[in-house]
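Structure first, commentary second.
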Amino acid sequence: MADSLKLYFGILKHMGLRYVLFRAWYAFQQQSGWLKRRFPVSRALREWITLRDWQQQDARFFFDGKESLAGSALPGFAAGDGRALEKRVRAIREGKILFFSSAWYVAPGWVTNPLTGFRYDISRHWSEIPDFSEAAGDIKYVWEKSRFGFVYDLIRYDLHSGADQSGFVLGEIDSWIRENPVNLGPNWRCSQEISLRVLNWTFALFYYRYSPSLTPALFRRIVNSIFFQMQHVEENISFSRIAVRNNHALTESLALYLAGLLYPFFPEAGRWKENGRRWFEEEIAAQVYPDGSYLQFSMNYHRVVVQLLSWGIRLAELNGAGWSAGLMEKAGSCVRFLTAFQNAKTGWLPNYGNNDGALFFPLSEVHFRDFRPQLAALRGLLGEAVDYESGPWEEEFLWLTDGRGRLRREKTAGAVVSAFRSGGYYGLSTEDTLTFIRCGAYRHRPFQADNLHLDLQVGETNILRDAGTYRYNAPPHLIEFFSGSEGHNTARPEGYEQMIRGPRFIWTGWVTEADGGWRSEPDGYVFEGWFRGFAQAGKRVIHSRKVKKYHHRLHWVVEDRMEGLPPGIPMVQIWHPDETFSERLTIRARDDRGAALTAEVREGWYAEKYGEKAPAPYLAFRTLSGYIRTEIEISG
């Protein structure tokens, strides 16, 4: 009872009274059946606009049918790239879907989890379907196919190969409409998933705008479904804007704006456009910090924001509209933040923060972890130069500009020291290394206990890395590992977390005191940072970390110190090395008296992509002294 009261008090303290009252009111609506009345399942089809009239309407998309892209500057493929795309298209047409940019599964129908075989009851109202169920498994395995991200491979193949895919793409959309009645089943459960589905259908609809496969009857069914889905999003958007307040709210707000912009024949179009635009502006202002860091503390979710901004900026421009100076400034700051931590050779960023494989609009032939397509596209739309050579990553920008855009290039050189104090991120980038450090206080909901995590990249190898993300609906011990301090290169009192873990995604006892910064010394750069945490171990526990990177050497020195440790509790320093560490990496640690510490090899995991994990032992140094000095050297 006492623990429950502490949890509820902690939620109230950090999330606020508005959040708590709204969640209580929403739960009441769900349990009383009021949500079923707010979201009725019976909908009559209407003739909003004829196909011929729609083909002649003024609303402008990235392109006006695939015919408009003939002779554009969209790149072709090298033989290997073309074969890879063709192979994926063949798999999709055989009923397989690439889930979370990770693994292929046969995905029968629209409501069956391919991992567990569980089939949801399509007659149940969406409000009666739980997000988490042991029998069903992770609901994201159902949502992923219904997101319709797979249409981009089909459309790209259509354009590059000339092999028409319209019958299959439009047939899949029609199949979804027929098998997912309005407001019934799992695919109406999440308004963000609905929003993404509408945006991806819109991409396909405009690409096949003049295709014979798009018949008047099919067009009518698609447009009606879009209308019903956006009605649902508008009616439920308060949940995302109050209870969730992350990329869900951004996606739904932008989808409302774009639905109003691109489908002006809907009676609600004017309201959707006005409210969606205002809400998107408000969410960007609130969610993107002044230095360009993002409140979800995740590189991959930050990329989601970049793609949404690119769509919003470009489509508003094409339709004679624009955004506030504040939003445009935030867009530029997002790009600068992510670029600061990008590997110059691979385009990858540290696998930091929650990563569920989200890549909303995959429009190029590069690895999922390569951020160059999205960052180049937004930089190009903002008129900023890019620091990349020419390559397949350009394709996304070209799709958004009808193949007629041009990127401006500008190389940078030398060591770059970065400090993003609002979000709590610090970096040192040289020609062949990246030193990334997380050190920050929380003003918004944390998702991982990872303060003072140190990530090291040398060349193309992430020598010391984040353990990643496995699944949101995983067994408790795996959730604790991947989201807790144990899954990060930091230190902690043995057995204690930096914050107090609650159910699922909830933490209380947030870290609210933290600071850090760089300084230059004759032989290297030095970062020093600290935070107060570990409330369950003691109210005065402070973890400080000093990291020195020597000039022109693959040599780092890390000093960890903990003050206020309860007697008898050891401090444990944790390192997650790349699997090749034994060949190139040397880690030596000593305590406050200079005595060598022996590394314990402990069982752990590494998850590069959502839904996948592999055994990955990690190193742990223990001491009762509260101080560890560690030297990290890389040979070769």
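Residues in the structure tokens are numbered from 1 in each chain, the chains being A, B, ... in the order shown, and ligands are numbered from 1 in the order shown.
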
Subject >> Residues within 10 Å of A:Glu486, only C-alpha atoms, excluding chain neighbours under 3 positions, as an MDAnalysis selection string >> reply: chainID A and resid 449:450 466:467 480:483 489:492 494:497 572:576 604 618 620

Do a neighbour search on A:Ala73 at 8 Å with only C-alpha atoms, toss out local chain neighbours closer than 4 positions, and write the hits as a compact mmCIF listing (two decimals) with C-alpha atoms, in the first residue's frame.
# COMPACT_ATOMS: atom_id res chain seq x y z
CA LEU A 398 14.35 14.08 -54.65
CA GLY A 403 13.06 15.05 -58.66
CA ARG A 404 13.91 18.66 -59.40

**OP:** With a distance cut-off of 10 Å and only C-alpha atoms, select the neighbouring residues of A:Gly391, excluding the residue or stretch itself and same-chain residues fewer than 2 positions from it, and output the selection as number ranges by chain.
**Re:** A: 75, 364-366, 372-373, 388-389, 393-395

Please produce a file of the residues just selected, as an mmCIF file, in the first residue's frame, where the atoms kept are N, CA and C atoms.
data_model
loop_
_atom_site.group_PDB
_atom_site.id
_atom_site.type_symbol
_atom_site.label_atom_id
_atom_site.label_comp_id
_atom_site.auth_asym_id
_atom_site.auth_seq_id
_atom_site.Cartn_x
_atom_site.Cartn_y
_atom_site.Cartn_z
ATOM 1 N N PRO A 75 17.272 9.143 -58.902
ATOM 2 C CA PRO A 75 18.357 8.259 -59.338
ATOM 3 C C PRO A 75 17.886 6.855 -59.630
ATOM 4 N N SER A 364 14.530 5.577 -49.673
ATOM 5 C CA SER A 364 15.866 5.432 -50.248
ATOM 6 C C SER A 364 16.388 4.033 -49.975
ATOM 7 N N GLU A 365 17.462 3.687 -50.634
ATOM 8 C CA GLU A 365 18.010 2.332 -50.561
ATOM 9 C C GLU A 365 19.231 2.324 -49.660
ATOM 10 N N VAL A 366 19.041 2.662 -48.384
ATOM 11 C CA VAL A 366 20.144 2.650 -47.431
ATOM 12 C C VAL A 366 19.711 1.900 -46.181
ATOM 13 N N ARG A 372 21.257 9.745 -43.100
ATOM 14 C CA ARG A 372 21.522 10.724 -44.147
ATOM 15 C C ARG A 372 20.302 11.061 -45.006
ATOM 16 N N PRO A 373 19.462 10.078 -45.393
ATOM 17 C CA PRO A 373 18.313 10.458 -46.231
ATOM 18 C C PRO A 373 17.409 11.493 -45.577
ATOM 19 N N TYR A 388 27.623 15.693 -46.971
ATOM 20 C CA TYR A 388 27.682 14.321 -47.450
ATOM 21 C C TYR A 388 28.107 14.325 -48.924
ATOM 22 N N GLU A 389 28.784 13.252 -49.308
ATOM 23 C CA GLU A 389 29.043 13.043 -50.727
ATOM 24 C C GLU A 389 27.744 12.597 -51.402
ATOM 25 N N TRP A 393 21.384 8.053 -50.613
ATOM 26 C CA TRP A 393 20.641 8.753 -49.565
ATOM 27 C C TRP A 393 19.949 10.010 -50.090
ATOM 28 N N GLU A 394 20.324 10.481 -51.291
ATOM 29 C CA GLU A 394 19.702 11.680 -51.872
ATOM 30 C C GLU A 394 18.261 11.440 -52.314
ATOM 31 N N GLU A 395 17.899 10.185 -52.492
ATOM 32 C CA GLU A 395 16.613 9.890 -53.131
ATOM 33 C C GLU A 395 15.424 10.456 -52.365
#

Original post:
Restricting the calculation to only C-alpha atoms, which member of A:Thr512, A:Thr215, A:Ser635, A:Gln296 is positioned closest to A:Phe581?
Top reply: A:Ser635

Original post:
So which residues touch A:Leu262 within 8 Å, counting only C-alpha atoms, skipping near sequence neighbours fewer than 5 positions away, as a VMD selection string?
Top reply: chain A and resid 59 to 61

**OP:** From a DSSP pass on the backbone, collect the residues of stretch 188-374 of chain A flagged as helix (DSSP H, G or I) and hand them back as number ranges by chain.
**Re:** A: 188, 191-207, 216-244, 247-262, 269-287, 299-318, 325-340, 372-374

Quick one: which stretch 221-284 of chain A residues come within 7 Å of stretch 302-313 of chain A, and what is the nearest atom pair for each with the distance in Å to one decimal, counting only C-alpha atoms, rows ordered by chain and ascending number, as JSON lines?
{"residue": "A:Asn247", "atom": "CA", "partner": "A:Val305", "partner_atom": "CA", "distance": 6.8}
{"residue": "A:Thr251", "atom": "CA", "partner": "A:Leu308", "partner_atom": "CA", "distance": 6.9}
{"residue": "A:Leu254", "atom": "CA", "partner": "A:Gly312", "partner_atom": "CA", "distance": 6.9}

Subject >> Contacts of A:Leu196 within 9 Å, only C-alpha atoms, excl. fewer than 6 positions in-chain, as a list of chain:residue names >> reply: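 The neighbour list is A:Arg147, A:Phe148, A:Gly149, A:Thr251, A:Glu252, A:Ala255, A:Phe360.
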
**OP:** Determine, counting only C-alpha atoms, which protein, DNA and RNA residues have an atom within 10 Å of an atom of stretch 501-510 of chain A; residues of the same chain fewer than 6 positions away are not included. Present the result as a PyMOL selection string.
**Re:** chain A and resi 4+6-15+132+441-449+472-474+476+479-480+483-484+532-536
